[in-house]
>>> print(open('data.cif').read())   # mmCIF, C-alpha atoms
data_run
#
loop_
_atom_site.label_atom_id
_atom_site.label_comp_id
_atom_site.auth_asym_id
_atom_site.auth_seq_id
_atom_site.Cartn_x
_atom_site.Cartn_y
_atom_site.Cartn_z
CA MET A 1 19.38 33.44 -25.32
CA GLY A 2 17.46 31.42 -27.82
CA ALA A 3 16.57 27.82 -28.41
CA ASP A 4 19.11 25.08 -28.86
CA VAL A 5 19.60 25.24 -32.61
CA ALA A 6 21.40 21.92 -33.06
CA VAL A 7 18.42 19.79 -32.05
CA THR A 8 16.02 18.38 -34.62
CA THR A 9 12.50 18.49 -33.23
CA PHE A 10 9.55 16.34 -34.22
CA LYS A 11 6.06 17.20 -33.08
CA VAL A 12 4.16 14.13 -31.96
CA VAL A 13 0.49 14.28 -30.99
CA VAL A 14 -0.82 11.85 -28.39
CA ALA A 15 -4.58 11.46 -28.76
CA GLY A 16 -7.23 8.97 -27.75
CA PRO A 17 -10.52 8.51 -25.89
CA PHE A 18 -11.24 9.65 -22.34
CA ALA A 19 -9.22 7.74 -19.72
CA ALA A 20 -7.21 5.80 -22.32
CA GLY A 21 -3.95 6.74 -20.58
CA LYS A 22 -2.66 9.66 -22.65
CA THR A 23 -1.44 11.83 -19.76
CA THR A 24 0.17 8.80 -18.13
CA PHE A 25 1.81 7.93 -21.45
CA ILE A 26 3.35 11.39 -21.76
CA SER A 27 4.32 11.54 -18.08
CA HIS A 28 6.29 8.32 -18.36
CA LEU A 29 7.81 9.29 -21.69
CA SER A 30 8.88 12.83 -20.90
CA ASP A 31 12.38 13.61 -19.69
CA GLY A 32 11.42 16.67 -17.73
CA PRO A 33 8.32 17.71 -15.85
CA VAL A 34 5.19 17.60 -17.98
CA VAL A 35 3.08 20.70 -18.46
CA ASN A 36 -0.43 19.58 -17.53
CA THR A 37 -3.66 21.46 -17.86
CA GLU A 38 -5.76 19.25 -15.64
CA ALA A 39 -8.96 20.17 -13.88
CA ARG A 40 -11.12 18.32 -11.40
CA ALA A 41 -13.48 15.96 -13.16
CA VAL A 42 -17.12 16.22 -12.18
CA GLY A 43 -20.21 14.03 -12.59
CA ASP A 44 -19.83 10.61 -14.17
CA GLU A 45 -16.30 11.38 -15.27
CA ALA A 46 -15.25 11.82 -11.61
CA ASP A 47 -16.12 8.17 -11.04
CA VAL A 48 -13.44 7.23 -13.57
CA LYS A 49 -10.69 9.61 -12.45
CA ASP A 50 -10.14 12.69 -10.28
CA LEU A 51 -8.32 14.90 -12.73
CA THR A 52 -8.79 15.26 -16.46
CA THR A 53 -6.87 17.13 -19.15
CA VAL A 54 -8.82 20.13 -20.37
CA SER A 55 -6.43 21.71 -22.83
CA LEU A 56 -3.14 19.94 -23.39
CA ASP A 57 -0.25 18.03 -21.90
CA TYR A 58 3.22 18.86 -23.07
CA GLY A 59 6.42 16.94 -22.55
CA THR A 60 9.63 16.20 -24.40
CA LEU A 61 11.72 13.13 -25.09
CA ARG A 62 15.33 13.73 -25.98
CA VAL A 63 16.96 10.98 -27.98
CA ASP A 64 20.65 11.57 -27.73
CA ASP A 65 22.75 11.06 -30.76
CA PRO A 66 26.20 12.62 -30.64
CA THR A 67 26.04 14.18 -34.11
CA SER A 68 22.42 15.23 -34.37
CA PRO A 69 20.29 15.02 -31.25
CA VAL A 70 16.57 14.58 -31.72
CA GLU A 71 13.80 15.82 -29.51
CA LEU A 72 10.22 14.65 -29.66
CA LEU A 73 7.77 17.36 -28.66
CA LEU A 74 4.83 15.51 -27.17
CA PHE A 75 1.41 17.16 -27.40
CA GLY A 76 -1.32 15.37 -25.46
CA THR A 77 -4.97 16.17 -26.09
CA PRO A 78 -8.11 15.91 -23.94
CA GLY A 79 -10.21 12.80 -24.56
CA GLN A 80 -13.75 14.05 -24.14
CA GLU A 81 -15.86 14.70 -27.19
CA ARG A 82 -16.57 18.29 -26.08
CA PHE A 83 -12.85 19.08 -26.30
CA ARG A 84 -12.45 17.44 -29.67
CA PHE A 85 -11.48 20.74 -31.33
CA MET A 86 -8.27 20.62 -29.26
CA VAL A 87 -7.26 17.62 -31.37
CA ASP A 88 -7.33 19.86 -34.45
CA VAL A 89 -5.36 22.50 -32.57
CA ALA A 90 -2.69 20.01 -31.52
CA ALA A 91 -2.59 18.40 -34.97
CA LEU A 92 -1.43 21.61 -36.63
CA GLY A 93 2.05 20.98 -38.02
CA MET A 94 2.49 17.55 -36.43
CA ASP A 95 5.12 15.11 -37.73
CA GLY A 96 3.33 12.01 -36.46
CA PHE A 97 0.84 10.77 -33.89
CA VAL A 98 0.11 8.02 -31.44
CA LEU A 99 -3.49 6.98 -30.90
CA VAL A 100 -3.70 5.66 -27.35
CA VAL A 101 -6.55 3.22 -26.74
CA ASP A 102 -7.50 1.17 -23.71
CA GLY A 103 -7.27 -2.40 -24.96
CA GLY A 104 -9.56 -3.55 -22.17
CA ASP A 105 -12.36 -1.10 -22.88
CA PRO A 106 -14.05 -1.87 -26.22
CA ALA A 107 -16.80 0.64 -25.40
CA SER A 108 -14.27 3.43 -25.96
CA TRP A 109 -13.15 2.18 -29.37
CA PRO A 110 -15.78 3.95 -31.50
CA ASP A 111 -14.55 7.18 -29.94
CA ALA A 112 -10.98 6.18 -30.83
CA VAL A 113 -12.07 5.71 -34.45
CA ALA A 114 -13.68 9.17 -34.51
CA ILE A 115 -10.44 10.71 -33.19
CA LEU A 116 -8.38 8.74 -35.68
CA ASP A 117 -10.55 9.98 -38.56
CA ARG A 118 -10.07 13.52 -37.33
CA LEU A 119 -6.28 13.16 -37.17
CA ARG A 120 -6.14 11.58 -40.61
CA ALA A 121 -8.23 14.34 -42.17
CA GLY A 122 -5.13 16.57 -42.36
CA PRO A 123 -1.86 16.06 -44.24
CA PRO A 124 -0.79 12.39 -44.00
CA VAL A 125 1.83 11.65 -41.32
CA PRO A 126 3.15 8.41 -39.82
CA TRP A 127 1.09 7.06 -36.93
CA LEU A 128 0.84 4.17 -34.51
CA ILE A 129 -1.77 2.77 -32.17
CA GLY A 130 -0.57 2.35 -28.58
CA VAL A 131 -2.79 -0.34 -27.12
CA ASN A 132 -2.73 0.36 -23.40
CA ARG A 133 -3.20 -2.35 -20.79
CA VAL A 134 -2.43 -5.05 -23.33
CA ALA A 135 0.88 -6.92 -23.12
CA ASP A 136 0.54 -9.39 -25.96
CA PRO A 137 1.45 -8.16 -29.48
CA ALA A 138 -1.10 -10.44 -31.15
CA ALA A 139 -3.88 -9.16 -28.87
CA ALA A 140 -2.82 -5.57 -29.63
CA ARG A 141 -3.01 -6.31 -33.37
CA VAL A 142 -6.55 -7.59 -32.96
CA VAL A 143 -7.56 -4.36 -31.22
CA GLY A 144 -5.95 -2.28 -33.97
CA GLU A 145 -7.68 -4.24 -36.70
CA CYS A 146 -11.02 -3.72 -34.91
CA LEU A 147 -10.45 0.03 -35.06
CA VAL A 148 -9.43 0.36 -38.68
CA ALA A 149 -8.49 -1.87 -41.59
CA GLY A 150 -4.70 -2.20 -41.55
CA GLY A 151 -4.61 -0.96 -37.95
CA GLY A 152 -3.17 -4.27 -36.78
CA GLU A 153 0.32 -3.70 -38.11
CA ARG A 154 0.37 -0.21 -36.60
CA SER A 155 -0.59 -1.49 -33.16
CA ARG A 156 1.87 -1.85 -30.29
CA PRO A 157 1.09 -3.40 -26.92
CA MET A 158 2.06 -1.16 -24.04
CA ALA A 159 1.59 -0.19 -20.43
CA ALA A 160 1.35 3.59 -20.16
CA THR A 161 2.80 3.31 -16.66
CA ASP A 162 5.94 1.53 -17.85
CA ARG A 163 8.65 3.75 -19.30
CA THR A 164 10.33 1.01 -21.30
CA SER A 165 7.15 0.15 -23.13
CA VAL A 166 6.15 3.75 -23.91
CA VAL A 167 9.68 4.61 -25.07
CA ALA A 168 9.52 1.64 -27.45
CA VAL A 169 6.33 3.01 -29.01
CA ALA A 170 7.85 6.48 -29.33
CA LEU A 171 11.04 5.20 -30.97
CA ASP A 172 9.01 3.07 -33.36
CA LEU A 173 7.11 6.15 -34.42
CA LEU A 174 10.34 8.14 -34.73
CA LEU A 175 11.68 5.45 -37.04
CA ALA A 176 8.52 5.64 -39.16
CA ILE A 177 8.87 9.43 -39.32
CA GLY A 178 12.46 8.95 -40.43
CA GLU A 179 11.46 6.54 -43.19
CA ASP A 180 8.76 8.93 -44.31
CA LEU A 181 11.28 11.77 -44.53
CA ALA A 182 13.65 9.52 -46.45
CA GLU A 183 10.98 8.92 -49.07
CA ALA A 184 10.18 12.62 -49.27
CA GLU A 185 13.88 13.45 -49.67
CA ALA A 186 14.32 10.81 -52.35
CA GLU A 187 11.35 12.20 -54.26
CA ALA A 188 12.73 15.71 -53.97
CA GLU A 189 16.09 14.48 -55.32
CA ASP A 190 14.38 12.73 -58.22
CA LEU A 191 12.64 15.95 -59.09
CA GLU A 192 15.95 17.79 -58.93
CA ASP A 193 17.55 15.21 -61.22
CA LEU A 194 14.69 15.60 -63.66
CA ASP A 195 15.18 19.31 -63.48
CA ASP A 196 18.93 18.92 -64.14
CA MET A 197 18.15 16.93 -67.27
CA GLY A 198 15.76 19.57 -68.45
CA GLY A 199 12.95 17.15 -67.51
CA LEU A 200 9.70 18.91 -66.81
CA GLU A 201 11.03 22.40 -67.31
CA PRO A 202 11.30 23.93 -70.74
CA ARG A 203 14.88 23.32 -71.89
CA ARG A 204 17.11 26.28 -71.23
CA GLU A 205 19.71 27.74 -73.56
CA VAL A 206 23.02 26.00 -72.96
CA GLY A 207 25.69 28.65 -72.94
CA GLY A 208 29.45 28.23 -73.15
CA ALA A 209 29.97 28.62 -69.44
CA GLN A 210 27.51 25.88 -68.64
CA ARG A 211 27.93 22.21 -68.98
CA MET B 1 16.84 41.56 -43.75
CA VAL B 2 15.40 38.75 -41.66
CA ARG B 3 16.31 35.38 -43.12
CA SER B 4 16.41 33.08 -40.13
CA VAL B 5 14.87 32.74 -36.71
CA GLU B 6 18.13 34.07 -35.26
CA ASP B 7 17.79 37.21 -37.39
CA ALA B 8 14.19 37.56 -36.27
CA GLY B 9 15.29 37.15 -32.65
CA ALA B 10 17.98 39.80 -32.98
CA ARG B 11 15.47 42.15 -34.58
CA ILE B 12 12.96 41.60 -31.76
CA VAL B 13 15.63 42.18 -29.12
CA ARG B 14 16.54 45.47 -30.79
CA LEU B 15 12.91 46.60 -31.06
CA LEU B 16 12.19 45.65 -27.45
CA ASP B 17 15.27 47.58 -26.36
CA GLU B 18 13.94 50.61 -28.21
CA VAL B 19 10.48 50.51 -26.62
CA ASP B 20 12.11 49.79 -23.25
CA LEU B 21 9.05 48.26 -21.57
CA ALA B 22 9.27 48.55 -17.78
CA GLY B 23 9.35 45.30 -15.83
CA MET B 24 10.08 43.12 -18.86
CA GLN B 25 10.44 39.51 -17.73
CA GLY B 26 10.83 37.72 -21.01
CA TRP B 27 9.46 37.01 -24.46
CA VAL B 28 9.06 34.16 -26.89
CA LEU B 29 8.24 34.00 -30.57
CA SER B 30 6.51 30.74 -31.38
CA SER B 31 4.80 29.17 -34.35
CA LEU B 32 1.05 28.63 -34.22
CA ASP B 33 1.68 24.90 -34.18
CA GLY B 34 3.40 25.27 -30.83
CA ARG B 35 7.11 25.23 -31.56
CA ALA B 36 9.49 27.75 -30.04
CA LEU B 37 11.21 29.77 -32.76
CA VAL B 38 13.30 32.08 -30.61
CA GLY B 39 12.99 33.79 -27.28
CA ASP B 40 14.45 34.82 -23.99
CA LEU B 41 12.60 33.56 -20.94
CA GLY B 42 13.69 32.57 -17.49
CA GLY B 43 12.50 29.04 -18.13
CA GLU B 44 12.38 26.59 -20.95
CA LEU B 45 11.03 27.93 -24.27
CA GLY B 46 9.38 24.74 -25.54
CA SER B 47 6.69 24.47 -22.86
CA ALA B 48 5.89 28.17 -23.15
CA ALA B 49 5.52 27.87 -26.92
CA ALA B 50 3.24 24.82 -26.61
CA VAL B 51 0.97 26.45 -24.08
CA VAL B 52 0.90 29.80 -25.88
CA ALA B 53 -0.12 28.15 -29.15
CA SER B 54 -2.93 26.27 -27.42
CA ALA B 55 -4.08 29.36 -25.55
CA HIS B 56 -4.04 31.32 -28.78
CA ALA B 57 -6.06 28.66 -30.57
CA LEU B 58 -8.52 28.63 -27.68
CA ALA B 59 -8.78 32.41 -27.85
CA ALA B 60 -9.43 32.16 -31.57
CA ARG B 61 -12.17 29.61 -30.97
CA THR B 62 -13.65 31.77 -28.23
CA GLY B 63 -13.67 34.76 -30.55
CA GLU B 64 -15.33 32.66 -33.21
CA LEU B 65 -18.06 31.36 -30.92
CA LEU B 66 -18.77 34.43 -28.84
CA GLY B 67 -17.36 37.42 -30.62
CA SER B 68 -16.21 38.41 -34.03
CA GLY B 69 -13.16 38.68 -36.19
CA GLU B 70 -9.70 37.33 -35.79
CA VAL B 71 -7.78 37.16 -32.56
CA LEU B 72 -5.18 39.90 -32.35
CA GLU B 73 -4.12 39.50 -28.75
CA ALA B 74 -4.75 37.22 -25.81
CA ILE B 75 -4.08 38.57 -22.36
CA VAL B 76 -3.49 36.85 -19.05
CA ARG B 77 -3.34 38.98 -15.92
CA THR B 78 -1.63 37.31 -13.02
CA SER B 79 -0.98 38.32 -9.42
CA ASP B 80 2.51 39.41 -10.46
CA GLY B 81 2.00 40.96 -13.85
CA ILE B 82 0.83 40.38 -17.38
CA VAL B 83 1.44 37.78 -20.06
CA ALA B 84 0.19 38.94 -23.44
CA SER B 85 0.33 37.15 -26.79
CA TYR B 86 0.04 38.85 -30.15
CA ALA B 87 -0.61 37.35 -33.54
CA VAL B 88 2.34 37.93 -35.86
CA GLY B 89 1.06 37.38 -39.38
CA ASP B 90 -0.91 34.17 -39.70
CA ALA B 91 1.68 31.67 -38.52
CA ALA B 92 3.38 33.01 -35.41
CA VAL B 93 2.70 34.49 -31.99
CA LEU B 94 4.82 36.89 -29.97
CA THR B 95 4.37 36.62 -26.22
CA LEU B 96 5.56 39.25 -23.78
CA ALA B 97 5.75 38.80 -20.02
CA VAL B 98 6.04 41.80 -17.71
CA ASP B 99 5.79 42.30 -13.96
CA ASP B 100 3.55 44.91 -12.33
CA ARG B 101 5.74 47.84 -13.36
CA SER B 102 3.92 48.00 -16.71
CA ASN B 103 0.18 48.20 -17.29
CA LEU B 104 -1.90 46.72 -20.09
CA GLY B 105 -1.76 49.91 -22.14
CA GLN B 106 2.00 49.99 -22.05
CA VAL B 107 2.30 46.34 -23.04
CA GLY B 108 -0.12 46.88 -25.91
CA HIS B 109 1.80 49.94 -27.04
CA ALA B 110 5.08 48.01 -27.02
CA ALA B 111 3.51 45.20 -29.04
CA ARG B 112 2.22 47.65 -31.62
CA GLN B 113 5.76 48.93 -32.07
CA VAL B 114 7.27 45.49 -32.50
CA VAL B 115 4.73 43.27 -34.27
CA PRO B 116 4.27 45.19 -37.55
CA GLU B 117 8.04 45.44 -37.88
CA ILE B 118 8.53 41.69 -37.83
CA ALA B 119 5.25 40.40 -39.31
CA GLY B 120 6.37 40.21 -42.92
CA ALA B 121 9.73 38.75 -42.08
CA VAL B 122 8.45 36.06 -39.75
CA ALA B 123 6.02 34.59 -42.27
CA GLY B 124 7.43 31.32 -43.50
CA LEU B 125 10.13 30.96 -40.85
CA ARG B 126 10.44 27.46 -39.49
CA PRO B 127 12.35 26.15 -36.49
CA PRO B 128 15.91 25.17 -37.36
CA ARG B 129 16.18 21.63 -38.66
CA ALA B 130 19.09 19.32 -39.05
CA ARG B 131 20.26 18.89 -42.63
CA SER B 132 19.07 15.34 -42.70
CA ALA B 133 16.29 14.82 -40.22
CA ARG B 134 15.81 11.38 -41.65
CA ALA B 135 19.32 10.23 -40.78
CA ALA B 136 19.02 11.74 -37.33
CA ALA B 137 15.76 9.92 -36.70
CA ARG B 138 17.17 6.64 -37.91
CA ARG B 139 20.31 6.87 -35.77
CA ALA B 140 18.37 8.02 -32.74
CA ALA B 141 15.82 5.24 -33.01
CA ARG B 142 18.48 2.57 -33.12
#
>>> encode(input="data.cif", output="structure tokens")
Amino acid sequence: MGADVAVTTFKVVVAGPFAAGKTTFISHLSDGPVVNTEARAVGDEADVKDLTTVSLDYGTLRVDDPTSPVELLLFGTPGQERFRFMVDVAALGMDGFVLVVDGGDPASWPDAVAILDRLRAGPPVPWLIGVNRVADPAAARVVGECLVAGGGERSRPMAATDRTSVVAVALDLLLAIGEDLAEAEAEAEDLEDLDDMGGLEPRREVGGAQR
Amino acid sequence: MVRSVEDAGARIVRLLDEVDLAGMQGWVLSSLDGRALVGDLGGELGSAAAVVASAHALAARTGELLGSGEVLEAIVRTSDGIVASYAVGDAAVLTLAVDDRSNLGQVGHAARQVVPEIAGAVAGLRPPRARSARAAARRAAR
């Protein structure tokens, strides 16, 4: 019974405009079968693809470390504007996110910016831009910088259909999450030290039994 | 006293044993952000938790747009039985799956026995984390 308690899990949201490659990204990243909630696309959207995510995609990526295994819980969101509230749903409690954009489709970029703004409205978490269908790092940086100031350095070229390239993006994000946690832990320790010295708290009576 | 997700799990198992719901197939307690806290299902807990959280959020949105008040339960009737999710406090969801030996009334009754008993205790519980998630992430990413 019960979940595997030894695994550290990180919730990663995969968001982006319609047809950017989010489901493909998760499918190629996930170890096991991905939970899809896809429905037949109709109207103009059917010209772009047959199936579209209507609620969420869910997959996991296990990164095996002998002492403390890590598992990324991947939450993919629908791309269409009418499902935008699902981005807020998925964003609840996330540890980081990847904004997937189609590097060859500038028309979708304003939508990507709107989604990015939505994801950044909550508590700050590490994030990256996965620039799909772009192989050159410099070209990916240009796309990222078009989306948001400073977006260049967060941009990674990738092919959502290529496992090696999507795993690289995921591990990069994991590293950023790790660094972020390190800072948070260091701050917490500093606060504890301050507390030990009587810092911000009113100084307590020092009894014989205490130091 | 419930101090950890394991304690909460043991408590739920005991309560479910007491109500003895016919045709019980499994259960999972998950956080509203889609992480499995504890459970006992035939399959993998993580996917169930992710989908339940999304379904619950959708139900909440549906209630907001079309109905009124907060979502207390979300019910799925399938060809083989019932999957019902119940809000536990404001941060968790308990999902029960039964086959066709129980009806909706019986599932609801069971939930009413269990949920109030665990609601206070479950608030604030988080999935277990490694002592240093940072170190784990750094090693894993190498």
>>> residues_around(input="data.cif", residues="stretch 140-146 of chain A", least_positions_apart="6", cutoff="7 Å", atoms="only C-alpha atoms", output="list in words")
Gly103, Ile129, Val131, Val134, Gly152, Glu153, Ser155, Arg156 and Pro157 of chain A
>>> atom_distance(input="data.cif", atom1="atom CA of A:Val34", atom2="atom CA of A:Thr77")
13.1 Å
>>> resolve_selection(input="data.cif", expression="the PyMOL selection byres ((chain A and resi 33) around 9)", output="list in words")
Ser27, Ser30, Asp31, Gly32, Val34, Val35, Tyr58, Gly59 and Thr60 of chain A
>>> interface_residues(input="data.cif", of="chain A", to="chain B", cutoff="9 Å", atoms="all atoms listed in the file", output="PyMOL selection string")
chain A and resi 1-3+5-9+11+34-35+55-60+63-65+67-70+73+75+85-86+89-94+170-182+185
>>> atom_distance(input="data.cif", atom1="atom CA of A:Lys49", atom2="atom CA of A:Ile115")
20.8 Å
>>> atom_distance(input="data.cif", atom1="atom CA of A:Gly150", atom2="atom CA of A:Asn132")
18.4 Å
